[in-house]
>>> print(open('model-v1.cif').read())   # mmCIF, C-alpha atoms
data_data
#
loop_
_atom_site.label_atom_id
_atom_site.label_comp_id
_atom_site.auth_asym_id
_atom_site.auth_seq_id
_atom_site.Cartn_x
_atom_site.Cartn_y
_atom_site.Cartn_z
CA MET A 1 75.18 99.71 112.36
CA LYS A 2 73.82 96.25 111.66
CA ASN A 3 72.80 94.91 108.25
CA ARG A 4 70.95 92.03 106.67
CA LEU A 5 73.21 91.87 103.64
CA GLU A 6 74.29 88.25 104.11
CA ASP A 7 70.67 87.01 104.42
CA ILE A 8 69.48 89.02 101.43
CA ARG A 9 72.45 87.98 99.29
CA LYS A 10 71.96 84.29 100.11
CA LYS A 11 68.21 84.50 99.41
CA ARG A 12 69.03 85.86 95.96
CA GLY A 13 71.53 83.04 95.40
CA LEU A 14 74.52 85.30 94.90
CA SER A 15 78.08 84.66 95.97
CA GLN A 16 80.21 87.36 97.60
CA GLU A 17 82.32 87.54 94.42
CA GLU A 18 79.26 88.04 92.21
CA LEU A 19 77.82 90.77 94.42
CA ALA A 20 81.23 92.46 94.62
CA ALA A 21 81.49 92.48 90.82
CA ILE A 22 77.95 93.93 90.48
CA LEU A 23 78.64 96.68 93.03
CA GLU A 24 82.18 97.30 91.68
CA VAL A 25 83.85 96.75 95.02
CA SER A 26 86.24 94.07 96.26
CA ARG A 27 85.07 90.76 97.69
CA GLN A 28 86.75 91.72 100.97
CA THR A 29 84.48 94.76 101.22
CA ILE A 30 81.39 92.54 100.97
CA GLY A 31 82.89 90.22 103.62
CA SER A 32 83.61 93.13 105.96
CA LEU A 33 80.11 94.56 105.43
CA GLU A 34 78.50 91.23 106.24
CA ASN A 35 80.62 90.78 109.36
CA GLY A 36 79.69 94.28 110.52
CA ARG A 37 83.35 95.33 110.63
CA TYR A 38 82.85 98.04 108.03
CA ASN A 39 80.07 100.62 107.63
CA PRO A 40 79.53 101.57 103.99
CA SER A 41 79.38 105.09 102.63
CA ILE A 42 75.90 106.43 101.95
CA VAL A 43 76.52 105.96 98.19
CA LEU A 44 77.40 102.27 98.58
CA ALA A 45 74.48 101.74 100.98
CA PHE A 46 72.06 103.18 98.39
CA LYS A 47 73.68 101.14 95.62
CA ILE A 48 73.14 97.94 97.62
CA ALA A 49 69.54 98.83 98.51
CA ARG A 50 68.73 99.78 94.91
CA TYR A 51 70.28 96.59 93.53
CA PHE A 52 68.11 94.44 95.83
CA GLU A 53 65.11 96.76 95.23
CA LEU A 54 64.59 97.25 98.94
CA PRO A 55 64.30 100.37 101.11
CA ILE A 56 67.68 101.21 102.66
CA GLU A 57 66.22 100.68 106.17
CA GLU A 58 65.49 97.05 105.33
CA VAL A 59 69.11 96.36 104.51
CA PHE A 60 70.85 98.55 107.08
CA ILE A 61 69.63 98.89 110.65
CA TYR A 62 70.85 101.97 112.47
CA GLU A 63 71.38 101.57 116.19
CA GLU A 64 72.27 104.51 118.39
CA GLU A 65 75.45 103.95 120.34
CA THR A 66 74.87 103.55 124.09
CA LYS A 67 77.20 105.68 126.20
CA MET B 1 100.71 97.14 87.10
CA LYS B 2 99.95 100.20 85.03
CA LYS B 3 102.07 101.84 82.34
CA TRP B 4 102.70 104.78 84.70
CA ASP B 5 104.33 102.38 87.22
CA LEU B 6 106.84 101.41 84.52
CA TYR B 7 107.77 105.06 83.83
CA HIS B 8 108.01 105.64 87.58
CA ASP B 9 110.40 102.67 87.94
CA ILE B 10 112.52 103.82 84.96
CA ILE B 11 112.92 107.30 86.54
CA TRP B 12 114.01 105.77 89.85
CA LEU B 13 116.32 103.35 88.03
CA ALA B 14 117.99 106.28 86.24
CA LEU B 15 118.33 108.09 89.58
CA GLY B 16 119.86 104.91 91.06
CA ILE B 17 122.40 104.62 88.24
CA ALA B 18 123.30 108.32 88.64
CA SER B 19 123.70 107.90 92.43
CA LEU B 20 125.88 104.80 92.02
CA TRP B 21 127.98 106.51 89.33
CA LYS B 22 128.46 109.63 91.49
CA GLY B 23 129.09 107.52 94.59
CA THR B 24 131.88 105.48 92.99
CA PHE B 25 133.94 108.67 92.51
CA SER B 26 133.96 109.43 96.23
CA ILE B 27 133.89 105.89 97.65
CA GLY B 28 135.52 105.67 101.07
CA SER B 29 133.90 108.86 102.33
CA SER B 30 130.58 108.57 104.20
CA TYR B 31 128.88 110.59 101.41
CA GLY B 32 130.23 108.28 98.67
CA ASN B 33 129.33 105.14 100.62
CA PHE B 34 125.81 106.44 101.21
CA LEU B 35 125.32 107.33 97.54
CA SER B 36 126.64 103.95 96.34
CA THR B 37 124.42 102.01 98.74
CA PHE B 38 121.39 104.15 97.90
CA GLY B 39 122.10 103.77 94.16
CA ALA B 40 122.53 99.99 94.43
CA PHE B 41 119.25 99.74 96.38
CA LEU B 42 117.37 101.81 93.78
CA ILE B 43 118.82 99.83 90.87
CA THR B 44 118.00 96.42 92.41
CA SER B 45 114.46 97.28 93.54
CA ASN B 46 113.52 98.98 90.27
CA ILE B 47 114.98 96.24 88.05
CA ILE B 48 112.82 93.78 90.02
CA ASN B 49 109.76 96.02 89.47
CA ILE B 50 110.46 96.36 85.73
CA VAL B 51 110.88 92.57 85.38
CA LYS B 52 107.59 92.13 87.30
CA TYR B 53 105.88 94.57 84.92
CA TYR B 54 107.03 92.70 81.79
CA ARG B 55 106.15 89.33 83.34
CA SER B 56 102.62 90.57 84.10
CA ARG B 57 102.29 91.67 80.44
CA LYS B 58 102.97 88.17 79.10
CA PRO B 59 99.80 86.52 77.75
CA GLU B 60 100.19 83.43 79.98
CA ASN B 61 100.32 85.66 83.11
CA ALA B 62 97.66 88.11 81.97
CA ALA B 63 94.69 86.11 83.34
CA ASN B 64 96.25 85.84 86.79
CA HIS B 65 97.09 89.53 86.69
CA GLU B 66 93.47 90.40 85.84
CA VAL B 67 92.31 88.39 88.88
CA GLN B 68 94.72 90.38 91.06
CA ILE B 69 93.36 93.67 89.69
CA GLY B 70 89.82 92.43 90.29
CA GLU B 71 90.69 91.68 93.92
CA ASN B 72 92.05 95.18 94.42
CA ILE B 73 89.54 97.36 92.58
CA LEU B 74 91.08 100.82 92.57
CA ASN B 75 87.95 102.75 93.47
CA ASP B 76 86.89 100.34 96.19
CA GLU B 77 85.87 102.69 99.03
CA ARG B 78 87.06 100.32 101.77
CA GLN B 79 90.54 100.07 100.22
CA VAL B 80 90.65 103.89 99.93
CA MET B 81 89.54 104.26 103.55
CA LEU B 82 92.17 101.73 104.70
CA ALA B 83 94.92 103.49 102.73
CA GLU B 84 93.92 106.86 104.22
CA LYS B 85 93.81 105.44 107.75
CA ALA B 86 97.20 103.77 107.25
CA ALA B 87 98.71 107.06 106.01
CA CYS B 88 97.21 108.97 108.95
CA THR B 89 98.45 106.41 111.50
CA THR B 90 101.93 106.43 109.93
CA CYS B 91 101.97 110.23 110.14
CA ASN B 92 100.99 110.10 113.83
CA ILE B 93 103.69 107.51 114.56
CA MET B 94 106.28 109.63 112.74
CA LEU B 95 105.27 112.73 114.75
CA ILE B 96 106.24 110.78 117.89
CA GLY B 97 109.08 108.75 116.33
CA LEU B 98 111.01 111.74 114.97
CA PRO B 99 111.40 113.62 118.29
CA ILE B 100 112.50 110.36 119.95
CA THR B 101 115.10 109.89 117.16
CA ILE B 102 116.25 113.51 117.63
CA VAL B 103 116.73 112.98 121.38
CA VAL B 104 118.59 109.68 120.80
CA CYS B 105 120.83 111.35 118.16
CA ALA B 106 121.54 114.23 120.57
CA LEU B 107 122.40 111.82 123.39
CA PHE B 108 124.87 109.91 121.20
CA ASN B 109 126.51 113.16 119.97
CA ILE B 110 125.64 112.46 116.33
CA ASP B 111 126.57 115.14 113.78
CA TRP B 112 124.52 118.33 114.38
CA LYS B 113 123.66 118.50 110.64
CA ILE B 114 121.73 115.23 110.97
CA ILE B 115 119.95 116.51 114.08
CA ILE B 116 119.01 119.78 112.36
CA THR B 117 117.75 117.84 109.31
CA LEU B 118 115.60 115.65 111.59
CA ILE B 119 114.24 118.70 113.46
CA SER B 120 113.45 120.40 110.10
CA LEU B 121 111.66 117.24 108.92
CA TRP B 122 109.62 117.10 112.11
CA ILE B 123 108.65 120.80 111.85
CA PHE B 124 107.86 120.36 108.14
CA GLN B 125 105.63 117.37 108.87
CA PHE B 126 103.81 119.27 111.61
CA VAL B 127 103.31 122.44 109.50
CA CYS B 128 102.34 120.39 106.43
CA ARG B 129 99.65 118.63 108.46
CA LEU B 130 98.21 121.95 109.69
CA VAL B 131 98.26 123.51 106.19
CA ILE B 132 96.60 120.46 104.57
CA CYS B 133 94.01 120.42 107.35
CA GLU B 134 93.22 124.11 106.68
CA ILE B 135 92.91 123.48 102.91
CA LEU B 136 90.61 120.49 103.49
CA GLU B 137 88.57 122.53 105.98
CA LYS B 138 87.87 125.11 103.25
CA LYS B 139 87.27 122.50 100.55
CA TYR B 140 84.71 120.36 102.44
#
>>> encode(input="model-v1.cif", output="structure tokens")
Amino acid sequence: MKNRLEDIRKKRGLSQEELAAILEVSRQTIGSLENGRYNPSIVLAFKIARYFELPIEEVFIYEEETK
Amino acid sequence: MKKWDLYHDIIWLALGIASLWKGTFSIGSSYGNFLSTFGAFLITSNIINIVKYYRSRKPENAANHEVQIGENILNDERQVMLAEKAACTTCNIMLIGLPITIVVCALFNIDWKIIITLISLWIFQFVCRLVICEILEKKY
């Protein structure tokens, strides 16, 4: 799953630390999300989308795995 | 560090002192040597932990300690996922590691009591995994 978290965060002028504090997760989690190494739970995905006031599909892009 | 960690360390420290005390009465035998070494290890590691706890409580170290807590937020889902994965991987490694240890012990003619203990541990780990899996299956 891809995401536009880094772009959105930078547009809002937030640092990884600030976003992590808002979402009550660690800075490393934000880093891993932005690098695409970690897929968030549905709860965290909604929390992120709600914070940025965007539909979840605009933040996270689901791509079906090719076999 | 939380208050519970301190109580935890004190319990282990008391167990270490008891082991060392019991071990000194039968020093020279393998049982006494084991108890003394185990006791000394528990005492040293838990004294270090208790000192760490009191150092983190000092006002001049409190700010740094808060930063550390902030970096490792307890309910951070990624940290929880990593801890669960680490525990699962360790369990899988142990399920392979224990039989290998049993075979090695058998080849070197090590005391049968140790081999039986290792076999029991391996069976316990395997059964425990199945039981927990069943419980989780019903729960979720």
>>> resolve_selection(input="model-v1.cif", expression="the PyMOL selection byres ((chain B and resi 84-98) around 9)", output="ChimeraX atom specification")
/B:79-83,99-103,118-119,121-122,125-126,129
>>> closest_residue(input="model-v1.cif", among="A:Ser41, A:Arg9, A:Gly36, A:Glu18", to="chain B", atoms="all atoms listed in the file")
A:Ser41
>>> resolve_selection(input="model-v1.cif", expression="the PyMOL selection byres ((chain A and resi 19-25) around 12)", output="ChimeraX atom specification")
/A:5-6,8-10,12-18,26-34,40,43-52 /B:67,69-80
>>> write_last_selection(input="model-v1.cif", atoms="C-alpha atoms", output="PDB file, in the frame of the given file")
ATOM      1  CA  LEU A   5      73.210  91.870 103.640  1.00  0.00           C
ATOM      2  CA  GLU A   6      74.290  88.250 104.110  1.00  0.00           C
ATOM      3  CA  ILE A   8      69.480  89.020 101.430  1.00  0.00           C
ATOM      4  CA  ARG A   9      72.450  87.980  99.290  1.00  0.00           C
ATOM      5  CA  LYS A  10      71.960  84.290 100.110  1.00  0.00           C
ATOM      6  CA  ARG A  12      69.030  85.860  95.960  1.00  0.00           C
ATOM      7  CA  GLY A  13      71.530  83.040  95.400  1.00  0.00           C
ATOM      8  CA  LEU A  14      74.520  85.300  94.900  1.00  0.00           C
ATOM      9  CA  SER A  15      78.080  84.660  95.970  1.00  0.00           C
ATOM     10  CA  GLN A  16      80.210  87.360  97.600  1.00  0.00           C
ATOM     11  CA  GLU A  17      82.320  87.540  94.420  1.00  0.00           C
ATOM     12  CA  GLU A  18      79.260  88.040  92.210  1.00  0.00           C
ATOM     13  CA  SER A  26      86.240  94.070  96.260  1.00  0.00           C
ATOM     14  CA  ARG A  27      85.070  90.760  97.690  1.00  0.00           C
ATOM     15  CA  GLN A  28      86.750  91.720 100.970  1.00  0.00           C
ATOM     16  CA  THR A  29      84.480  94.760 101.220  1.00  0.00           C
ATOM     17  CA  ILE A  30      81.390  92.540 100.970  1.00  0.00           C
ATOM     18  CA  GLY A  31      82.890  90.220 103.620  1.00  0.00           C
ATOM     19  CA  SER A  32      83.610  93.130 105.960  1.00  0.00           C
ATOM     20  CA  LEU A  33      80.110  94.560 105.430  1.00  0.00           C
ATOM     21  CA  GLU A  34      78.500  91.230 106.240  1.00  0.00           C
ATOM     22  CA  PRO A  40      79.530 101.570 103.990  1.00  0.00           C
ATOM     23  CA  VAL A  43      76.520 105.960  98.190  1.00  0.00           C
ATOM     24  CA  LEU A  44      77.400 102.270  98.580  1.00  0.00           C
ATOM     25  CA  ALA A  45      74.480 101.740 100.980  1.00  0.00           C
ATOM     26  CA  PHE A  46      72.060 103.180  98.390  1.00  0.00           C
ATOM     27  CA  LYS A  47      73.680 101.140  95.620  1.00  0.00           C
ATOM     28  CA  ILE A  48      73.140  97.940  97.620  1.00  0.00           C
ATOM     29  CA  ALA A  49      69.540  98.830  98.510  1.00  0.00           C
ATOM     30  CA  ARG A  50      68.730  99.780  94.910  1.00  0.00           C
ATOM     31  CA  TYR A  51      70.280  96.590  93.530  1.00  0.00           C
ATOM     32  CA  PHE A  52      68.110  94.440  95.830  1.00  0.00           C
TER      33      PHE A  52
ATOM     34  CA  VAL B  67      92.310  88.390  88.880  1.00  0.00           C
ATOM     35  CA  ILE B  69      93.360  93.670  89.690  1.00  0.00           C
ATOM     36  CA  GLY B  70      89.820  92.430  90.290  1.00  0.00           C
ATOM     37  CA  GLU B  71      90.690  91.680  93.920  1.00  0.00           C
ATOM     38  CA  ASN B  72      92.050  95.180  94.420  1.00  0.00           C
ATOM     39  CA  ILE B  73      89.540  97.360  92.580  1.00  0.00           C
ATOM     40  CA  LEU B  74      91.080 100.820  92.570  1.00  0.00           C
ATOM     41  CA  ASN B  75      87.950 102.750  93.470  1.00  0.00           C
ATOM     42  CA  ASP B  76      86.890 100.340  96.190  1.00  0.00           C
ATOM     43  CA  GLU B  77      85.870 102.690  99.030  1.00  0.00           C
ATOM     44  CA  ARG B  78      87.060 100.320 101.770  1.00  0.00           C
ATOM     45  CA  GLN B  79      90.540 100.070 100.220  1.00  0.00           C
ATOM     46  CA  VAL B  80      90.650 103.890  99.930  1.00  0.00           C
TER      47      VAL B  80
END
>>> atom_distance(input="model-v1.cif", atom1="CA of Ile50 in chain B", atom2="CA of Ala14 in chain B")
12.5 Å
>>> atom_distance(input="model-v1.cif", atom1="CA of Lys113 in chain B", atom2="CA of Ile43 in chain B")
27.6 Å
>>> resolve_selection(input="model-v1.cif", expression="the PyMOL selection byres ((chain A and resi 2) around 8)", output="count of residues only")
8
>>> atom_distance(input="model-v1.cif", atom1="CA of Leu107 in chain B", atom2="CA of Phe34 in chain B")
23.1 Å
>>> residues_around(input="model-v1.cif", residues="Ser36 in chain B", least_positions_apart="4", cutoff="10 Å", atoms="all atoms listed in the file", output="PyMOL selection string")
chain B and resi 16-27+30-32+40-42
>>> build_atoms(input="model-v1.cif", residues="range 23-34 of chain A", atoms="N, CA and C atoms", output="tab-separated table (two decimals), in the coordinates of the input")
chain	number	residue	atom	x	y	z
A	23	LEU	N	78.55	95.38	92.33
A	23	LEU	CA	78.64	96.68	93.03
A	23	LEU	C	79.96	97.41	92.77
A	24	GLU	N	80.85	96.74	92.01
A	24	GLU	CA	82.18	97.30	91.68
A	24	GLU	C	83.00	97.62	92.93
A	25	VAL	N	82.98	96.66	93.85
A	25	VAL	CA	83.85	96.75	95.02
A	25	VAL	C	84.60	95.43	95.14
A	26	SER	N	85.51	95.33	96.10
A	26	SER	CA	86.24	94.07	96.26
A	26	SER	C	85.42	93.08	97.07
A	27	ARG	N	85.76	91.80	96.93
A	27	ARG	CA	85.07	90.76	97.69
A	27	ARG	C	85.26	90.96	99.20
A	28	GLN	N	86.46	91.47	99.55
A	28	GLN	CA	86.75	91.72	100.97
A	28	GLN	C	85.80	92.76	101.56
A	29	THR	N	85.41	93.72	100.73
A	29	THR	CA	84.48	94.76	101.22
A	29	THR	C	83.13	94.12	101.57
A	30	ILE	N	82.67	93.22	100.70
A	30	ILE	CA	81.39	92.54	100.97
A	30	ILE	C	81.51	91.72	102.26
A	31	GLY	N	82.64	91.01	102.41
A	31	GLY	CA	82.89	90.22	103.62
A	31	GLY	C	82.88	91.09	104.87
A	32	SER	N	83.55	92.22	104.80
A	32	SER	CA	83.61	93.13	105.96
A	32	SER	C	82.25	93.72	106.28
A	33	LEU	N	81.47	94.02	105.23
A	33	LEU	CA	80.11	94.56	105.43
A	33	LEU	C	79.25	93.53	106.15
A	34	GLU	N	79.33	92.29	105.65
A	34	GLU	CA	78.50	91.23	106.24
A	34	GLU	C	78.88	90.92	107.68
